[in-house]
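Colleague: One file is attached below, my_file09.txt, containing compact mmCIF, C-alpha atoms and all ligand atoms.
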# COMPACT_ATOMS: atom_id res chain seq x y z
CA MET A 1258 46.62 -46.63 131.01
CA ILE A 1259 44.72 -49.42 129.35
CA ILE A 1260 41.02 -48.76 129.11
CA TYR A 1261 39.07 -51.96 129.13
CA LYS A 1262 36.01 -52.67 127.03
CA SER A 1263 33.94 -53.17 130.16
CA MET A 1264 34.04 -49.43 130.84
CA ARG A 1265 32.02 -48.78 127.70
CA LYS A 1266 28.26 -49.06 127.62
CA ARG A 1267 27.21 -52.47 126.41
CA ILE A 1268 24.04 -52.22 124.37
CA VAL A 1269 21.59 -54.56 122.72
CA ALA A 1270 19.19 -52.55 120.57
CA GLY A 1271 16.24 -54.00 118.70
CA ASN A 1272 15.19 -52.56 115.36
CA TRP A 1273 11.63 -53.69 114.78
CA LYS A 1274 11.56 -51.98 111.36
CA MET A 1275 8.00 -51.95 109.94
CA ASN A 1276 6.80 -54.92 111.96
CA LYS A 1277 4.23 -55.44 114.73
CA THR A 1278 0.86 -53.80 115.15
CA LEU A 1279 0.53 -51.52 118.15
CA LYS A 1280 -0.92 -54.29 120.30
CA GLU A 1281 1.72 -56.80 119.21
CA GLY A 1282 4.44 -54.25 119.89
CA VAL A 1283 3.16 -53.44 123.38
CA ASP A 1284 2.85 -57.17 124.14
CA LEU A 1285 6.42 -57.77 122.95
CA ALA A 1286 7.75 -54.83 124.99
CA ASN A 1287 5.90 -56.15 128.04
CA GLU A 1288 7.39 -59.60 127.61
CA ILE A 1289 10.91 -58.25 127.13
CA ASN A 1290 10.50 -55.97 130.12
CA SER A 1291 9.35 -58.75 132.44
CA LYS A 1292 11.92 -61.24 131.19
CA THR A 1293 14.80 -58.82 131.74
CA GLU A 1294 13.70 -57.55 135.13
CA HIS A 1295 15.71 -60.21 136.94
CA LEU A 1296 19.00 -59.25 135.23
CA LYS A 1297 20.23 -57.75 138.44
CA ASP A 1298 23.06 -55.49 137.47
CA HIS A 1299 21.51 -54.40 134.19
CA SER A 1300 24.96 -53.91 132.83
CA VAL A 1301 23.58 -54.28 129.30
CA LYS A 1302 21.51 -51.38 128.07
CA ILE A 1303 18.40 -52.66 126.32
CA ILE A 1304 16.86 -50.46 123.62
CA LEU A 1305 13.68 -51.09 121.64
CA GLY A 1306 13.55 -49.37 118.25
CA THR A 1307 9.86 -49.22 117.45
CA PRO A 1308 7.73 -47.68 114.70
CA PHE A 1309 6.74 -44.06 115.46
CA ILE A 1310 3.19 -44.77 116.48
CA HIS A 1311 4.31 -47.36 119.04
CA LEU A 1312 6.74 -45.09 120.85
CA ALA A 1313 4.48 -43.51 123.46
CA GLU A 1314 2.68 -46.73 124.39
CA VAL A 1315 5.84 -48.80 124.52
CA ALA A 1316 7.53 -46.10 126.63
CA LYS A 1317 4.68 -46.43 129.15
CA THR A 1318 5.00 -50.21 129.14
CA VAL A 1319 8.67 -50.67 130.01
CA ASN A 1320 10.76 -49.83 133.04
CA PRO A 1321 12.85 -46.86 131.87
CA ALA A 1322 15.56 -47.78 134.36
CA TYR A 1323 16.70 -50.58 132.10
CA VAL A 1324 14.69 -50.57 128.87
CA LYS A 1325 15.10 -47.52 126.65
CA ILE A 1326 13.16 -46.61 123.54
CA ALA A 1327 14.41 -45.57 120.10
CA ALA A 1328 12.75 -44.25 116.98
CA GLN A 1329 14.00 -45.55 113.64
CA ASN A 1330 14.21 -42.18 111.93
CA CYS A 1331 13.41 -38.50 112.45
CA ALA A 1332 12.63 -35.56 110.21
CA ALA A 1333 15.37 -33.32 108.87
CA TRP A 1334 13.44 -30.22 109.99
CA SER A 1335 12.51 -29.10 113.47
CA HIS A 1336 8.79 -28.50 112.76
CA GLY A 1337 6.42 -27.07 110.17
CA ALA A 1338 4.71 -27.93 106.91
CA TYR A 1339 6.33 -31.29 106.18
CA THR A 1340 3.37 -33.61 105.73
CA GLY A 1341 3.94 -37.08 107.08
CA GLU A 1342 7.14 -36.29 108.95
CA VAL A 1343 7.86 -36.76 112.67
CA SER A 1344 10.24 -34.38 114.43
CA ALA A 1345 13.03 -35.18 116.87
CA GLU A 1346 11.21 -33.15 119.52
CA MET A 1347 8.02 -35.20 119.09
CA ILE A 1348 10.04 -38.38 119.40
CA ARG A 1349 11.80 -37.22 122.53
CA LEU A 1350 8.56 -36.11 124.16
CA ALA A 1351 6.91 -39.43 123.29
CA GLY A 1352 9.44 -41.04 125.61
CA ALA A 1353 12.32 -42.09 123.36
CA GLU A 1354 15.92 -41.52 124.33
CA TYR A 1355 17.54 -42.76 121.11
CA VAL A 1356 17.01 -42.52 117.37
CA ILE A 1357 18.44 -44.88 114.76
CA LEU A 1358 19.84 -42.80 111.89
CA GLY A 1359 21.52 -43.77 108.65
CA HIS A 1360 20.22 -47.32 108.50
CA SER A 1361 21.05 -48.82 105.10
CA GLU A 1362 17.34 -49.25 104.35
CA ARG A 1363 16.86 -45.50 104.81
CA ARG A 1364 19.91 -44.81 102.65
CA LYS A 1365 18.69 -47.18 99.94
CA TYR A 1366 14.90 -46.76 99.80
CA PHE A 1367 14.71 -43.11 100.86
CA ASN A 1368 17.92 -41.84 99.28
CA GLU A 1369 19.26 -40.52 102.57
CA ASP A 1370 22.78 -39.24 102.02
CA GLY A 1371 25.53 -38.07 104.33
CA GLU A 1372 24.49 -34.43 104.30
CA LEU A 1373 20.86 -35.15 105.13
CA LEU A 1374 21.88 -37.60 107.85
CA ASN A 1375 24.20 -35.05 109.37
CA THR A 1376 21.27 -32.60 109.58
CA LYS A 1377 19.18 -35.27 111.29
CA VAL A 1378 21.97 -36.16 113.70
CA LYS A 1379 22.28 -32.50 114.74
CA LEU A 1380 18.52 -32.08 115.17
CA ALA A 1381 18.37 -35.25 117.25
CA LEU A 1382 21.15 -33.99 119.52
CA GLU A 1383 19.54 -30.56 119.88
CA ASN A 1384 16.45 -32.38 121.12
CA MET A 1385 18.38 -34.58 123.54
CA LEU A 1386 17.99 -37.73 121.48
CA LYS A 1387 21.06 -39.94 121.20
CA PRO A 1388 21.68 -41.06 117.62
CA ILE A 1389 22.52 -44.68 116.89
CA PHE A 1390 24.38 -43.92 113.70
CA CYS A 1391 24.58 -46.79 111.21
CA CYS A 1392 27.31 -47.36 108.67
CA GLY A 1393 28.30 -50.28 106.50
CA GLU A 1394 29.29 -51.37 103.03
CA VAL A 1395 27.41 -53.31 100.35
CA LEU A 1396 28.78 -56.60 99.05
CA GLU A 1397 30.40 -55.16 95.90
CA GLU A 1398 32.29 -52.64 98.00
CA ARG A 1399 33.65 -55.39 100.21
CA LYS A 1400 34.59 -57.49 97.20
CA GLU A 1401 36.48 -54.53 95.79
CA ASN A 1402 38.15 -54.05 99.16
CA LYS A 1403 36.57 -50.61 99.57
CA HIS A 1404 34.74 -51.34 102.82
CA PHE A 1405 37.03 -49.33 105.09
CA GLU A 1406 36.94 -46.33 102.78
CA VAL A 1407 33.12 -46.49 102.52
CA VAL A 1408 32.60 -46.66 106.27
CA LYS A 1409 35.12 -43.87 106.86
CA THR A 1410 33.29 -41.61 104.41
CA GLN A 1411 29.93 -42.38 106.04
CA LEU A 1412 31.35 -41.42 109.43
CA GLU A 1413 33.02 -38.29 108.08
CA GLU A 1414 29.82 -37.12 106.43
CA GLY A 1415 27.43 -38.14 109.18
CA VAL A 1416 29.09 -37.51 112.53
CA PHE A 1417 32.72 -36.42 112.34
CA ASN A 1418 31.91 -32.73 112.07
CA LEU A 1419 30.25 -32.74 115.48
CA PRO A 1420 31.90 -30.98 118.38
CA GLU A 1421 33.45 -33.33 120.91
CA GLU A 1422 30.68 -32.89 123.48
CA ASP A 1423 28.06 -33.93 120.95
CA PHE A 1424 30.05 -36.83 119.55
CA LYS A 1425 30.15 -38.35 123.03
CA GLU A 1426 26.39 -38.91 122.77
CA ILE A 1427 26.69 -40.99 119.60
CA VAL A 1428 26.44 -44.77 119.40
CA ILE A 1429 27.86 -46.28 116.22
CA ALA A 1430 26.35 -49.36 114.59
CA TYR A 1431 28.40 -51.17 111.99
CA GLU A 1432 26.01 -53.05 109.74
CA PRO A 1433 27.48 -54.66 106.63
CA VAL A 1434 24.56 -54.41 104.20
CA TRP A 1435 25.21 -57.88 102.84
CA ALA A 1436 24.54 -59.32 106.30
CA ILE A 1437 21.26 -57.53 107.02
CA GLY A 1438 18.29 -59.87 106.97
CA THR A 1439 20.19 -62.35 104.83
CA GLY A 1440 21.13 -64.90 107.47
CA GLU A 1441 24.73 -64.30 106.48
CA THR A 1442 26.67 -62.84 109.41
CA ALA A 1443 30.04 -61.16 109.26
CA THR A 1444 32.59 -63.45 110.81
CA SER A 1445 33.82 -62.56 114.22
CA GLU A 1446 37.14 -61.51 112.64
CA GLN A 1447 35.46 -59.31 110.03
CA ALA A 1448 33.40 -57.60 112.72
CA GLN A 1449 36.37 -57.04 115.03
CA GLU A 1450 38.52 -55.77 112.17
CA MET A 1451 35.97 -53.14 111.15
CA HIS A 1452 35.08 -52.15 114.71
CA HIS A 1453 38.75 -51.67 115.47
CA PHE A 1454 39.12 -49.56 112.34
CA ILE A 1455 36.13 -47.42 113.34
CA ARG A 1456 37.55 -46.92 116.83
CA GLN A 1457 40.89 -45.88 115.36
CA GLU A 1458 39.17 -43.34 113.11
CA ILE A 1459 37.30 -41.95 116.11
CA ALA A 1460 40.60 -41.75 118.01
CA LYS A 1461 42.22 -39.83 115.15
CA LYS A 1462 39.37 -37.35 115.16
CA TYR A 1463 38.44 -37.05 118.85
CA GLY A 1464 41.29 -38.67 120.76
CA GLN A 1465 41.80 -42.09 122.29
CA SER A 1466 39.79 -41.53 125.42
CA ILE A 1467 36.58 -40.63 123.54
CA ALA A 1468 37.21 -43.52 121.13
CA ASP A 1469 37.56 -45.88 124.06
CA ASP A 1470 34.26 -44.70 125.51
CA THR A 1471 32.25 -44.95 122.28
CA SER A 1472 29.95 -47.97 122.00
CA ILE A 1473 30.20 -49.63 118.60
CA LEU A 1474 27.43 -52.15 117.88
CA TYR A 1475 27.40 -54.87 115.27
CA GLY A 1476 24.27 -55.46 113.16
CA GLY A 1477 23.44 -58.02 110.49
CA SER A 1478 21.84 -61.41 111.17
CA CYS A 1479 22.92 -61.35 114.80
CA LYS A 1480 21.10 -64.07 116.73
CA PRO A 1481 21.42 -65.99 120.02
CA SER A 1482 23.65 -68.60 118.37
CA ASN A 1483 26.30 -66.15 117.14
CA ALA A 1484 25.95 -63.21 119.55
CA LYS A 1485 28.35 -64.57 122.13
CA GLU A 1486 31.18 -64.98 119.67
CA LEU A 1487 30.59 -61.59 118.06
CA PHE A 1488 30.32 -59.80 121.42
CA SER A 1489 33.45 -61.45 122.77
CA ASN A 1490 35.56 -59.25 120.48
CA GLU A 1491 37.41 -56.40 122.12
CA ASP A 1492 35.80 -53.71 119.97
CA VAL A 1493 32.26 -55.09 119.67
CA ASP A 1494 30.10 -53.51 122.35
CA GLY A 1495 26.76 -55.04 121.49
CA GLY A 1496 24.34 -55.38 118.65
CA LEU A 1497 21.65 -53.72 116.59
CA ILE A 1498 19.20 -56.53 116.04
CA GLY A 1499 16.52 -56.75 113.35
CA GLY A 1500 14.79 -60.10 112.85
CA ALA A 1501 15.80 -61.61 116.17
CA SER A 1502 14.41 -58.62 118.10
CA LEU A 1503 10.87 -59.52 117.07
CA ASN A 1504 10.74 -62.46 119.43
CA ALA A 1505 11.30 -61.92 123.16
CA ASP A 1506 13.18 -65.17 123.73
CA ASP A 1507 15.55 -64.63 120.80
CA PHE A 1508 16.18 -61.07 121.90
CA LEU A 1509 16.77 -62.23 125.46
CA GLY A 1510 19.18 -64.86 124.17
CA ILE A 1511 21.23 -62.07 122.61
CA ILE A 1512 21.11 -59.87 125.72
CA THR A 1513 22.27 -62.73 127.91
CA ALA A 1514 25.10 -63.53 125.48
CA PHE A 1515 26.96 -60.80 127.37
CA GLN A 1516 26.25 -62.20 130.77
CA ASP A 1517 27.44 -65.77 130.85
P1 LIG B 1601 18.89 -58.23 110.91
O1 LIG B 1601 18.79 -56.65 110.78
O2 LIG B 1601 19.30 -58.53 112.33
O3 LIG B 1601 17.51 -58.74 110.60
O4 LIG B 1601 19.90 -58.69 109.94
C1 LIG B 1601 19.70 -55.80 111.42
C2 LIG B 1601 19.34 -54.37 111.12
O5 LIG B 1601 18.92 -54.07 109.98
O6 LIG B 1601 19.49 -53.48 111.96
Could you render the structure from this file as structure tokens?
Modeller:
Amino acid sequence: MIIYKSMRKRIVAGNWKMNKTLKEGVDLANEINSKTEHLKDHSVKIILGTPFIHLAEVAKTVNPAYVKIAAQNCAAWSHGAYTGEVSAEMIRLAGAEYVILGHSERRKYFNEDGELLNTKVKLALENMLKPIFCCGEVLEERKENKHFEVVKTQLEEGVFNLPEEDFKEIVIAYEPVWAIGTGETATSEQAQEMHHFIRQEIAKKYGQSIADDTSILYGGSCKPSNAKELFSNEDVDGGLIGGASLNADDFLGIITAFQD
């Protein structure tokens, strides 16, 4: 049986990073919420990845039936004397359903490695948070033709030791580091090629049916002008959006790229 892409969850997730004051964030969430209300079938899942302190307010602002909330990180411990950290449980109880883990900025600036990320993924799942697990190569790795190997290792370290039932909760985001915030987007072919590779690796590990049901998002300078082409690929199930998620109309332009 052929499983069609349309059976997978289509997702457009915003990653606000360290942008927007609380008031600006609530205003943006409000605008996105009201401008997406009319999308009748809500076949695209909308996720807002906000800073920690925005989570509870933004969760109260949006309609949870079609706008979900994500944190951008969580602690690698469940609770205790870890000054400055925020636990998966706190995030969940603030109203988030997702957590972005393994973003290249966390890997680079906070030295987060595969082992640590795997701990965070497991804690998130224990607390009923769905991880949006990011992977992607830097430019040198692509130039040296190591991009498949790099992404495979990131998946093996971060999520491939999960039991099947847990893996089903994972969303994968492929974000080539050279495309993040640079204005340089992976071509549609480069995105499809890597997404297909990722799906094959998932199939090898968990079987074709789970691979077919896993949403794999593209991230890296995705905007209204290129979203449609990127999302038209068989294995691209949506996007993780940085810069263009900070403006309601740009974000909406990406969401509606799926619909027309
Ligand atoms: P960008 O960021 O859309 O600004 O390139 C994507 C991301 O880092 O998730």
Colleague: Could you give me, as a Markdown table, a per-residue list for chain A showing, wherever an atom lies at most 8 Å from an atom of ligand LIG 1601 (chain B), the closest pair of atoms and their distance in Å to one decimal, using all atoms listed in the file and sorting by chain then residue number from low to high?
Modeller:
| residue | atom | partner | partner_atom | distance |
| --- | --- | --- | --- | --- |
| A:Gly1271 | CA | B:LIG1601 | O6 | 7.5 |
| A:Asn1272 | CA | B:LIG1601 | O6 | 5.6 |
| A:Lys1274 | CA | B:LIG1601 | O5 | 7.8 |
| A:His1360 | CA | B:LIG1601 | O5 | 7.0 |
| A:Ser1361 | CA | B:LIG1601 | O5 | 7.5 |
| A:Glu1362 | CA | B:LIG1601 | O5 | 7.6 |
| A:Glu1432 | CA | B:LIG1601 | O6 | 6.9 |
| A:Ala1436 | CA | B:LIG1601 | O4 | 5.9 |
| A:Ile1437 | CA | B:LIG1601 | O4 | 3.4 |
| A:Gly1438 | CA | B:LIG1601 | O4 | 3.6 |
| A:Thr1439 | CA | B:LIG1601 | O4 | 6.3 |
| A:Gly1440 | CA | B:LIG1601 | O4 | 6.8 |
| A:Thr1442 | CA | B:LIG1601 | O4 | 8.0 |
| A:Gly1476 | CA | B:LIG1601 | C1 | 4.9 |
| A:Gly1477 | CA | B:LIG1601 | O4 | 3.6 |
| A:Ser1478 | CA | B:LIG1601 | O4 | 3.6 |
| A:Cys1479 | CA | B:LIG1601 | O2 | 5.2 |
| A:Lys1480 | CA | B:LIG1601 | O2 | 7.3 |
| A:Leu1497 | CA | B:LIG1601 | O6 | 5.1 |
| A:Ile1498 | CA | B:LIG1601 | O2 | 4.2 |
| A:Gly1499 | CA | B:LIG1601 | O1 | 3.4 |
| A:Gly1500 | CA | B:LIG1601 | O3 | 3.8 |
| A:Ala1501 | CA | B:LIG1601 | O2 | 6.0 |
| A:Ser1502 | CA | B:LIG1601 | O2 | 7.6 |
Colleague: Measuring atom to atom with all atoms listed in the file, identify which of A:Leu1285, A:Cys1392, A:Val1315, A:Ile1304 is nearest to Ile1512 in chain A.
Modeller: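 Going through A:Leu1285, A:Cys1392, A:Val1315, A:Ile1304 one by one, the smallest distance to Ile1512 in chain A is for A:Ile1304.
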Colleague: Would you work out the distance separating CA of Thr1278 in chain A from CA of Pro1308 in chain A, expressed in Å to one decimal?
Modeller: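 Computing the Euclidean distance for CA of Thr1278 in chain A and CA of Pro1308 in chain A yields 9.2 Å.
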Colleague: Of the candidates A:Ile1511, A:Ile1427, A:Ile1289, A:Ala1332, which shows the shortest atom-to-atom distance to Leu1382 in chain A, using only C-alpha atoms?
Modeller: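 Of all the options, A:Ile1427 lies closest to Leu1382 in chain A.
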Colleague: List every residue of range 1304-1400 of chain A that has an atom at most 7 Å from any atom of range 1411-1425 of chain A, giving for each one its closest atom pair and the distance in Å to one decimal, counting all atoms listed in the file, sorted by chain and then by ascending residue number, as CSV.
Modeller:
residue,atom,partner,partner_atom,distance
A:Gly1371,CA,A:Glu1414,CA,4.9
A:Glu1372,CA,A:Glu1414,CA,6.3
A:Leu1374,CA,A:Gly1415,CA,5.7
A:Asn1375,CA,A:Gly1415,CA,4.5
A:Cys1392,CA,A:Gln1411,CA,6.2
Colleague: To one decimal in Å, tell me the separation between CA of Ala1327 in chain A and CA of Ser1489 in chain A.
Modeller: 24.9 Å
Colleague: Identify, on the basis of only C-alpha atoms, every residue whose closest approach to Glu1294 in chain A does not exceed 10 Å; exclude the query and any residue fewer than 2 positions from it along the same chain; express the result as a ChimeraX atom specification.
Modeller: /A:1289-1292,1296-1299,1319-1320,1322-1324
Colleague: Nearest to Ala1484 in chain A: which of A:Asp1507, A:Glu1401, A:Glu1314, A:Asp1470 is it, counting only C-alpha atoms?
Modeller: A:Asp1507
Colleague: Hey, can you check how far CA of Ala1316 in chain A sits from CA of Cys1391 in chain A?
Modeller: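 Value for the CA of Ala1316 in chain A-CA of Cys1391 in chain A distance: 23.0 Å.
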Colleague: If we count only C-alpha atoms, what is near range 1446-1460 of chain A at a cut-off of 6 Å, once residues fewer than 4 positions away on the same chain are taken out, given as an NGL selection string?
Modeller: :A and (1464-1465 or 1468 or 1490 or 1492)
